[in-house]
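Participant: File data.cif follows (mmCIF, C-alpha atoms and all ligand atoms; chains and numbers go by the auth columns):
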```
data_start
#
loop_
_atom_site.group_PDB
_atom_site.id
_atom_site.type_symbol
_atom_site.label_atom_id
_atom_site.label_comp_id
_atom_site.label_asym_id
_atom_site.label_seq_id
_atom_site.Cartn_x
_atom_site.Cartn_y
_atom_site.Cartn_z
_atom_site.B_iso_or_equiv
_atom_site.auth_seq_id
_atom_site.auth_asym_id
ATOM 1 C CA MET A 1 -38.165 22.790 -6.662 0.00 153 A
ATOM 2 C CA ASP A 2 -38.231 19.504 -8.502 0.00 154 A
ATOM 3 C CA TYR A 3 -36.405 17.067 -6.250 0.00 155 A
ATOM 4 C CA CYS A 4 -36.197 14.340 -8.890 0.00 156 A
ATOM 5 C CA MET A 5 -34.460 16.681 -11.250 0.00 157 A
ATOM 6 C CA LEU A 6 -32.070 17.655 -8.499 0.00 158 A
ATOM 7 C CA CYS A 7 -31.348 13.984 -7.795 0.00 159 A
ATOM 8 C CA VAL A 8 -30.665 13.267 -11.454 0.00 160 A
ATOM 9 C CA VAL A 9 -28.258 16.180 -11.613 0.00 161 A
ATOM 10 C CA LEU A 10 -26.489 15.137 -8.420 0.00 162 A
ATOM 11 C CA LEU A 11 -26.276 11.480 -9.432 0.00 163 A
ATOM 12 C CA SER A 12 -24.895 12.218 -12.857 0.00 164 A
ATOM 13 C CA PHE A 13 -22.398 14.591 -11.302 0.00 165 A
ATOM 14 C CA LEU A 14 -21.263 11.840 -8.930 0.00 166 A
ATOM 15 C CA ALA A 15 -21.112 9.253 -11.717 0.00 167 A
ATOM 16 C CA CYS A 16 -18.991 11.512 -13.873 0.00 168 A
ATOM 17 C CA ALA A 17 -16.552 12.553 -11.177 0.00 169 A
ATOM 18 C CA ASN A 18 -13.187 11.052 -11.917 0.00 170 A
ATOM 19 C CA ALA A 19 -12.417 9.244 -8.685 0.00 171 A
ATOM 20 C CA GLU A 20 -14.637 8.638 -5.707 0.00 172 A
ATOM 21 C CA VAL A 21 -13.484 9.520 -2.252 0.00 173 A
ATOM 22 C CA VAL A 22 -14.505 6.591 -0.098 0.00 174 A
ATOM 23 C CA LYS A 23 -15.210 6.375 3.590 0.00 175 A
ATOM 24 C CA PHE A 24 -12.542 4.344 5.303 0.00 176 A
ATOM 25 C CA ALA A 25 -11.501 3.360 8.793 0.00 177 A
ATOM 26 C CA ASP A 26 -7.929 3.551 9.982 0.00 178 A
ATOM 27 C CA CYS A 27 -6.691 0.200 11.288 0.00 179 A
ATOM 28 C CA GLY A 28 -3.338 1.284 12.688 0.00 180 A
ATOM 29 C CA SER A 29 -1.355 3.704 10.516 0.00 181 A
ATOM 30 C CA ILE A 30 1.433 4.108 13.048 0.00 182 A
ATOM 31 C CA GLU A 31 4.175 5.339 10.693 0.00 183 A
ATOM 32 C CA GLY A 32 1.981 7.655 8.637 0.00 184 A
ATOM 33 C CA LYS A 33 -1.323 9.479 8.351 0.00 185 A
ATOM 34 C CA VAL A 34 -3.915 8.900 5.635 0.00 186 A
ATOM 35 C CA ALA A 35 -5.526 11.977 4.117 0.00 187 A
ATOM 36 C CA GLU A 36 -7.755 10.447 1.487 0.00 188 A
ATOM 37 C CA VAL A 37 -8.728 7.181 -0.190 0.00 189 A
ATOM 38 C CA ASP A 38 -10.114 7.149 -3.745 0.00 190 A
ATOM 39 C CA ILE A 39 -11.449 4.162 -5.637 0.00 191 A
ATOM 40 C CA GLN A 40 -12.251 4.218 -9.291 0.00 192 A
ATOM 41 C CA PRO A 41 -14.896 3.412 -10.327 0.00 193 A
ATOM 42 C CA CYS A 42 -17.061 3.473 -7.219 0.00 194 A
ATOM 43 C CA PRO A 43 -20.435 5.028 -8.042 0.00 195 A
ATOM 44 C CA GLN A 44 -21.934 4.207 -4.632 0.00 196 A
ATOM 45 C CA GLN A 45 -20.787 3.050 -1.227 0.00 197 A
ATOM 46 C CA PRO A 46 -19.960 0.389 -0.279 0.00 198 A
ATOM 47 C CA CYS A 47 -18.172 0.139 -3.650 0.00 199 A
ATOM 48 C CA PRO A 48 -19.686 -2.548 -5.895 0.00 200 A
ATOM 49 C CA LEU A 49 -16.790 -4.649 -7.250 0.00 201 A
ATOM 50 C CA HIS A 50 -17.747 -6.548 -10.381 0.00 202 A
ATOM 51 C CA LYS A 51 -16.135 -9.926 -10.931 0.00 203 A
ATOM 52 C CA GLY A 52 -13.552 -9.936 -13.687 0.00 204 A
ATOM 53 C CA GLN A 53 -12.898 -6.212 -13.356 0.00 205 A
ATOM 54 C CA SER A 54 -10.061 -4.271 -11.866 0.00 206 A
ATOM 55 C CA TYR A 55 -10.310 -1.195 -9.656 0.00 207 A
ATOM 56 C CA THR A 56 -7.854 1.591 -9.007 0.00 208 A
ATOM 57 C CA VAL A 57 -7.148 2.380 -5.379 0.00 209 A
ATOM 58 C CA ASN A 58 -5.408 5.663 -4.565 0.00 210 A
ATOM 59 C CA VAL A 59 -4.323 6.276 -0.972 0.00 211 A
ATOM 60 C CA THR A 60 -2.864 9.691 -0.189 0.00 212 A
ATOM 61 C CA PHE A 61 -0.825 9.662 3.018 0.00 213 A
ATOM 62 C CA THR A 62 1.963 11.471 4.795 0.00 214 A
ATOM 63 C CA SER A 63 4.833 9.402 6.166 0.00 215 A
ATOM 64 C CA ASN A 64 6.250 10.001 9.644 0.00 216 A
ATOM 65 C CA VAL A 65 9.377 7.988 8.942 0.00 217 A
ATOM 66 C CA ALA A 66 12.114 7.314 6.408 0.00 218 A
ATOM 67 C CA SER A 67 11.927 3.983 4.603 0.00 219 A
ATOM 68 C CA GLN A 68 13.816 2.457 1.689 0.00 220 A
ATOM 69 C CA THR A 69 11.010 0.065 0.866 0.00 221 A
ATOM 70 C CA SER A 70 7.252 -0.233 1.089 0.00 222 A
ATOM 71 C CA THR A 71 5.260 -3.418 0.747 0.00 223 A
ATOM 72 C CA ALA A 72 1.514 -3.767 0.418 0.00 224 A
ATOM 73 C CA VAL A 73 -0.429 -6.499 2.186 0.00 225 A
ATOM 74 C CA VAL A 74 -4.117 -6.816 1.353 0.00 226 A
ATOM 75 C CA HIS A 75 -6.740 -8.911 3.122 0.00 227 A
ATOM 76 C CA GLY A 76 -10.434 -9.446 2.622 0.00 228 A
ATOM 77 C CA VAL A 77 -12.129 -9.755 5.979 0.00 229 A
ATOM 78 C CA VAL A 78 -14.966 -12.257 5.673 0.00 230 A
ATOM 79 C CA ALA A 79 -17.073 -12.817 8.800 0.00 231 A
ATOM 80 C CA GLY A 80 -14.256 -11.393 10.900 0.00 232 A
ATOM 81 C CA VAL A 81 -11.590 -13.643 9.369 0.00 233 A
ATOM 82 C CA PRO A 82 -8.837 -11.984 7.277 0.00 234 A
ATOM 83 C CA VAL A 83 -8.230 -13.862 4.012 0.00 235 A
ATOM 84 C CA PRO A 84 -5.210 -12.902 1.855 0.00 236 A
ATOM 85 C CA PHE A 85 -6.293 -10.893 -1.198 0.00 237 A
ATOM 86 C CA PRO A 86 -3.498 -11.152 -3.752 0.00 238 A
ATOM 87 C CA ILE A 87 -2.565 -8.032 -5.697 0.00 239 A
ATOM 88 C CA PRO A 88 -0.354 -8.137 -8.804 0.00 240 A
ATOM 89 C CA GLN A 89 2.113 -5.520 -7.573 0.00 241 A
ATOM 90 C CA PRO A 90 2.900 -5.622 -3.840 0.00 242 A
ATOM 91 C CA ASP A 91 5.881 -3.257 -4.178 0.00 243 A
ATOM 92 C CA GLY A 92 4.689 0.196 -3.068 0.00 244 A
ATOM 93 C CA CYS A 93 7.792 1.772 -4.625 0.00 245 A
ATOM 94 C CA LYS A 94 6.411 0.629 -7.999 0.00 246 A
ATOM 95 C CA SER A 95 2.914 1.892 -7.174 0.00 247 A
ATOM 96 C CA GLY A 96 3.226 5.646 -7.459 0.00 248 A
ATOM 97 C CA ILE A 97 5.573 6.118 -4.497 0.00 249 A
ATOM 98 C CA GLN A 98 8.996 7.512 -5.156 0.00 250 A
ATOM 99 C CA CYS A 99 11.361 5.673 -2.806 0.00 251 A
ATOM 100 C CA PRO A 100 13.171 6.130 -0.505 0.00 252 A
ATOM 101 C CA ILE A 101 10.251 7.453 1.506 0.00 253 A
ATOM 102 C CA GLU A 102 11.081 10.608 3.443 0.00 254 A
ATOM 103 C CA PRO A 103 9.521 11.760 6.709 0.00 255 A
ATOM 104 C CA GLN A 104 6.814 14.457 6.532 0.00 256 A
ATOM 105 C CA LYS A 105 6.356 13.936 2.785 0.00 257 A
ATOM 106 C CA THR A 106 3.001 13.215 1.221 0.00 258 A
ATOM 107 C CA TYR A 107 2.636 10.349 -1.231 0.00 259 A
ATOM 108 C CA SER A 108 -0.119 8.952 -3.387 0.00 260 A
ATOM 109 C CA TYR A 109 -0.047 5.184 -3.445 0.00 261 A
ATOM 110 C CA VAL A 110 -1.910 3.978 -6.553 0.00 262 A
ATOM 111 C CA ASN A 111 -2.574 0.323 -7.247 0.00 263 A
ATOM 112 C CA GLN A 112 -4.981 -2.093 -8.879 0.00 264 A
ATOM 113 C CA LEU A 113 -7.450 -4.347 -7.121 0.00 265 A
ATOM 114 C CA PRO A 114 -8.386 -7.192 -9.486 0.00 266 A
ATOM 115 C CA VAL A 115 -11.625 -8.987 -8.671 0.00 267 A
ATOM 116 C CA LYS A 116 -11.442 -12.627 -9.729 0.00 268 A
ATOM 117 C CA ASN A 117 -14.402 -14.483 -11.178 0.00 269 A
ATOM 118 C CA GLU A 118 -14.140 -17.196 -8.538 0.00 270 A
ATOM 119 C CA TYR A 119 -14.711 -14.785 -5.662 0.00 271 A
ATOM 120 C CA PRO A 120 -18.078 -15.207 -3.966 0.00 272 A
ATOM 121 C CA ALA A 121 -20.656 -12.432 -4.394 0.00 273 A
ATOM 122 C CA ILE A 122 -20.589 -11.212 -0.814 0.00 274 A
ATOM 123 C CA LYS A 123 -20.063 -8.095 1.226 0.00 275 A
ATOM 124 C CA LEU A 124 -16.689 -7.886 2.880 0.00 276 A
ATOM 125 C CA VAL A 125 -14.183 -5.461 4.289 0.00 277 A
ATOM 126 C CA VAL A 126 -10.938 -4.834 2.410 0.00 278 A
ATOM 127 C CA GLU A 127 -7.984 -4.192 4.690 0.00 279 A
ATOM 128 C CA TRP A 128 -5.018 -2.603 2.921 0.00 280 A
ATOM 129 C CA GLU A 129 -1.678 -2.144 4.642 0.00 281 A
ATOM 130 C CA LEU A 130 1.518 -0.614 3.381 0.00 282 A
ATOM 131 C CA ARG A 131 4.510 -1.696 5.458 0.00 283 A
ATOM 132 C CA ASP A 132 7.865 0.044 5.826 0.00 284 A
ATOM 133 C CA ASP A 133 11.419 -1.356 6.248 0.00 285 A
ATOM 134 C CA SER A 134 10.640 -2.526 9.770 0.00 286 A
ATOM 135 C CA SER A 135 7.304 -4.114 8.740 0.00 287 A
ATOM 136 C CA LYS A 136 5.332 -1.407 10.544 0.00 288 A
ATOM 137 C CA ASP A 137 2.313 0.124 8.847 0.00 289 A
ATOM 138 C CA LEU A 138 2.843 3.349 6.915 0.00 290 A
ATOM 139 C CA PHE A 139 -0.876 3.057 6.554 0.00 291 A
ATOM 140 C CA CYS A 140 -3.590 0.563 7.331 0.00 292 A
ATOM 141 C CA ILE A 141 -7.023 1.328 5.998 0.00 293 A
ATOM 142 C CA LYS A 142 -10.203 -0.649 5.714 0.00 294 A
ATOM 143 C CA PHE A 143 -13.314 -0.057 3.671 0.00 295 A
ATOM 144 C CA PRO A 144 -16.415 -2.131 2.925 0.00 296 A
ATOM 145 C CA VAL A 145 -17.081 -3.464 -0.571 0.00 297 A
ATOM 146 C CA GLN A 146 -19.749 -5.564 -2.218 0.00 298 A
ATOM 147 C CA ILE A 147 -18.611 -8.160 -4.751 0.00 299 A
ATOM 148 C CA VAL A 148 -21.192 -8.511 -7.514 0.00 300 A
ATOM 149 C CA SER A 149 -21.521 -11.024 -10.340 0.00 301 A
HETATM 150 C C1 LIG B . -4.522 10.328 -6.055 0.00 1 B
HETATM 151 O O1 LIG B . -5.238 11.190 -5.195 0.00 1 B
HETATM 152 C C2 LIG B . -4.595 12.436 -4.971 0.00 1 B
HETATM 153 C C3 LIG B . -5.429 13.211 -3.957 0.00 1 B
HETATM 154 O O2 LIG B . -6.744 13.374 -4.400 0.00 1 B
HETATM 155 C C4 LIG B . -4.449 13.178 -6.292 0.00 1 B
HETATM 156 O O3 LIG B . -3.749 14.399 -6.079 0.00 1 B
HETATM 157 C C5 LIG B . -3.661 12.316 -7.272 0.00 1 B
HETATM 158 O O4 LIG B . -3.596 12.944 -8.524 0.00 1 B
HETATM 159 C C6 LIG B . -4.331 10.958 -7.424 0.00 1 B
HETATM 160 N N1 LIG B . -3.490 10.117 -8.292 0.00 1 B
HETATM 161 C C7 LIG B . -4.002 9.401 -9.288 0.00 1 B
HETATM 162 C C8 LIG B . -3.027 8.636 -10.118 0.00 1 B
HETATM 163 O O5 LIG B . -5.197 9.346 -9.530 0.00 1 B
#
```
In structure tokens, what does this structure look like?
Facilitator:
Amino acid sequence: MDYCMLCVVLLSFLACANAEVVKFADCGSIEGKVAEVDIQPCPQQPCPLHKGQSYTVNVTFTSNVASQTSTAVVHGVVAGVPVPFPIPQPDGCKSGIQCPIEPQKTYSYVNQLPVKNEYPAIKLVVEWELRDDSSKDLFCIKFPVQIVS
């Protein structure tokens, strides 16, 4: 068996897949449970984020609670210090979630992560929370990324 050929086939399959399921850590989803996190494009992990580009993040989760609202809070954790990472649309109800949120329902939260040119080209951890009416986390996920020039 030609391993190189196999690699080429596997790599091109991965590159062509529509969205990449990424490995994530849960950082305290007390009001919900995350099933899957997809980032597009993310041809390898940690996801390389090119400056000046925007990435689609899709978090599929099931809520445990009812909530009228949902608000996203994103941080970049650099050397252990969380730095606010502004996103253009913090309202989860305008990011693929049909509000009010109902208990035991599954939602796909879909939003954009713009990578500004002034960001340093470093590795960091993105921490993404979605908070409910009482400011508790419907989900909190974190995943490593690599910002590239
Ligand atoms: C988000 O991911 C879920 C689960 O894979 C999928 O069913 C849904 O279509 C995705 N939504 C978008 C907009 O990509």
Participant: Between A:Val277, A:Leu282, A:Val211, A:Cys194, which one has atoms that come closest to ligand LIG 1 (chain B), using only C-alpha atoms and all ligand atoms?
Facilitator: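 Between A:Val277, A:Leu282, A:Val211, A:Cys194, the residue approaching ligand LIG 1 (chain B) most closely is A:Val211.
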Participant: For ligand LIG 1 (chain B), list the contacting residues at 7 Å or closer, counting all atoms listed in the file, as a list in words.
Facilitator: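 The residues within 7 Å of ligand LIG 1 (chain B), counting all atoms listed in the file, are Glu188, Asp190, Asn210, Val211, Thr212, Ser260 and Val262 of chain A.
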Participant: I would like the residues chosen by the PyMOL selection byres (((chain A and resi 183) around 6) and not hetatm) on the shown file; could you give them as a list in words?
Facilitator: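 That expression, the PyMOL selection byres (((chain A and resi 183) around 6) and not hetatm), corresponds here to Ser181, Ile182, Gly184, Asn216, Asp289 and Leu290 of chain A.
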Participant: Using only C-alpha atoms, pick whichever of A:Gln264, A:Ala231, A:Ala218, A:Ile274 has the shortest atom-to-atom distance to Gln250 (chain A).
Facilitator: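 Result for the nearest residue to Gln250 (chain A): A:Ala218.
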Participant: Excluding Phe176 (chain A) and any residue of its chain fewer than 5 positions from it, enumerate the residues within 8 Å of it, using all atoms listed in the file, and give them as number ranges by chain.
Facilitator: A: 189, 293-296
Participant: Here is a test: counting all atoms listed in the file, which residue of A:Cys251, A:Val297, A:Val209, A:Val173 is nearest to Thr223 (chain A)?
Facilitator: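 The shortest atom-to-atom distance to Thr223 (chain A) comes from A:Cys251.
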Participant: With the PyMOL selection byres (((chain A and resi 257) around 10) and not hetatm) as the selection, what would be picked from this file? Answer as a VMD selection string, please.
Facilitator: chain A and resid 184 213 to 218 253 to 256 258 to 259
Participant: So which residues are close to (9.8, 1.2, 2.8), meaning at most 6 Å away in the file's coordinates with only C-alpha atoms counted, and can you show them as a list in words?
Facilitator: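 Selection result: Ser219, Gln220, Thr221, Ser222, Asp284 and Asp285 of chain A.
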Participant: With C-alpha atoms kept, could you save the residues just selected as a PDB file, in the coordinates of the input?
Facilitator:
```
ATOM      1  CA  SER A 219      11.927   3.983   4.603  1.00  0.00           C
ATOM      2  CA  GLN A 220      13.816   2.457   1.689  1.00  0.00           C
ATOM      3  CA  THR A 221      11.010   0.065   0.866  1.00  0.00           C
ATOM      4  CA  SER A 222       7.252  -0.233   1.089  1.00  0.00           C
ATOM      5  CA  ASP A 284       7.865   0.044   5.826  1.00  0.00           C
ATOM      6  CA  ASP A 285      11.419  -1.356   6.248  1.00  0.00           C
TER       7      ASP A 285
END
```
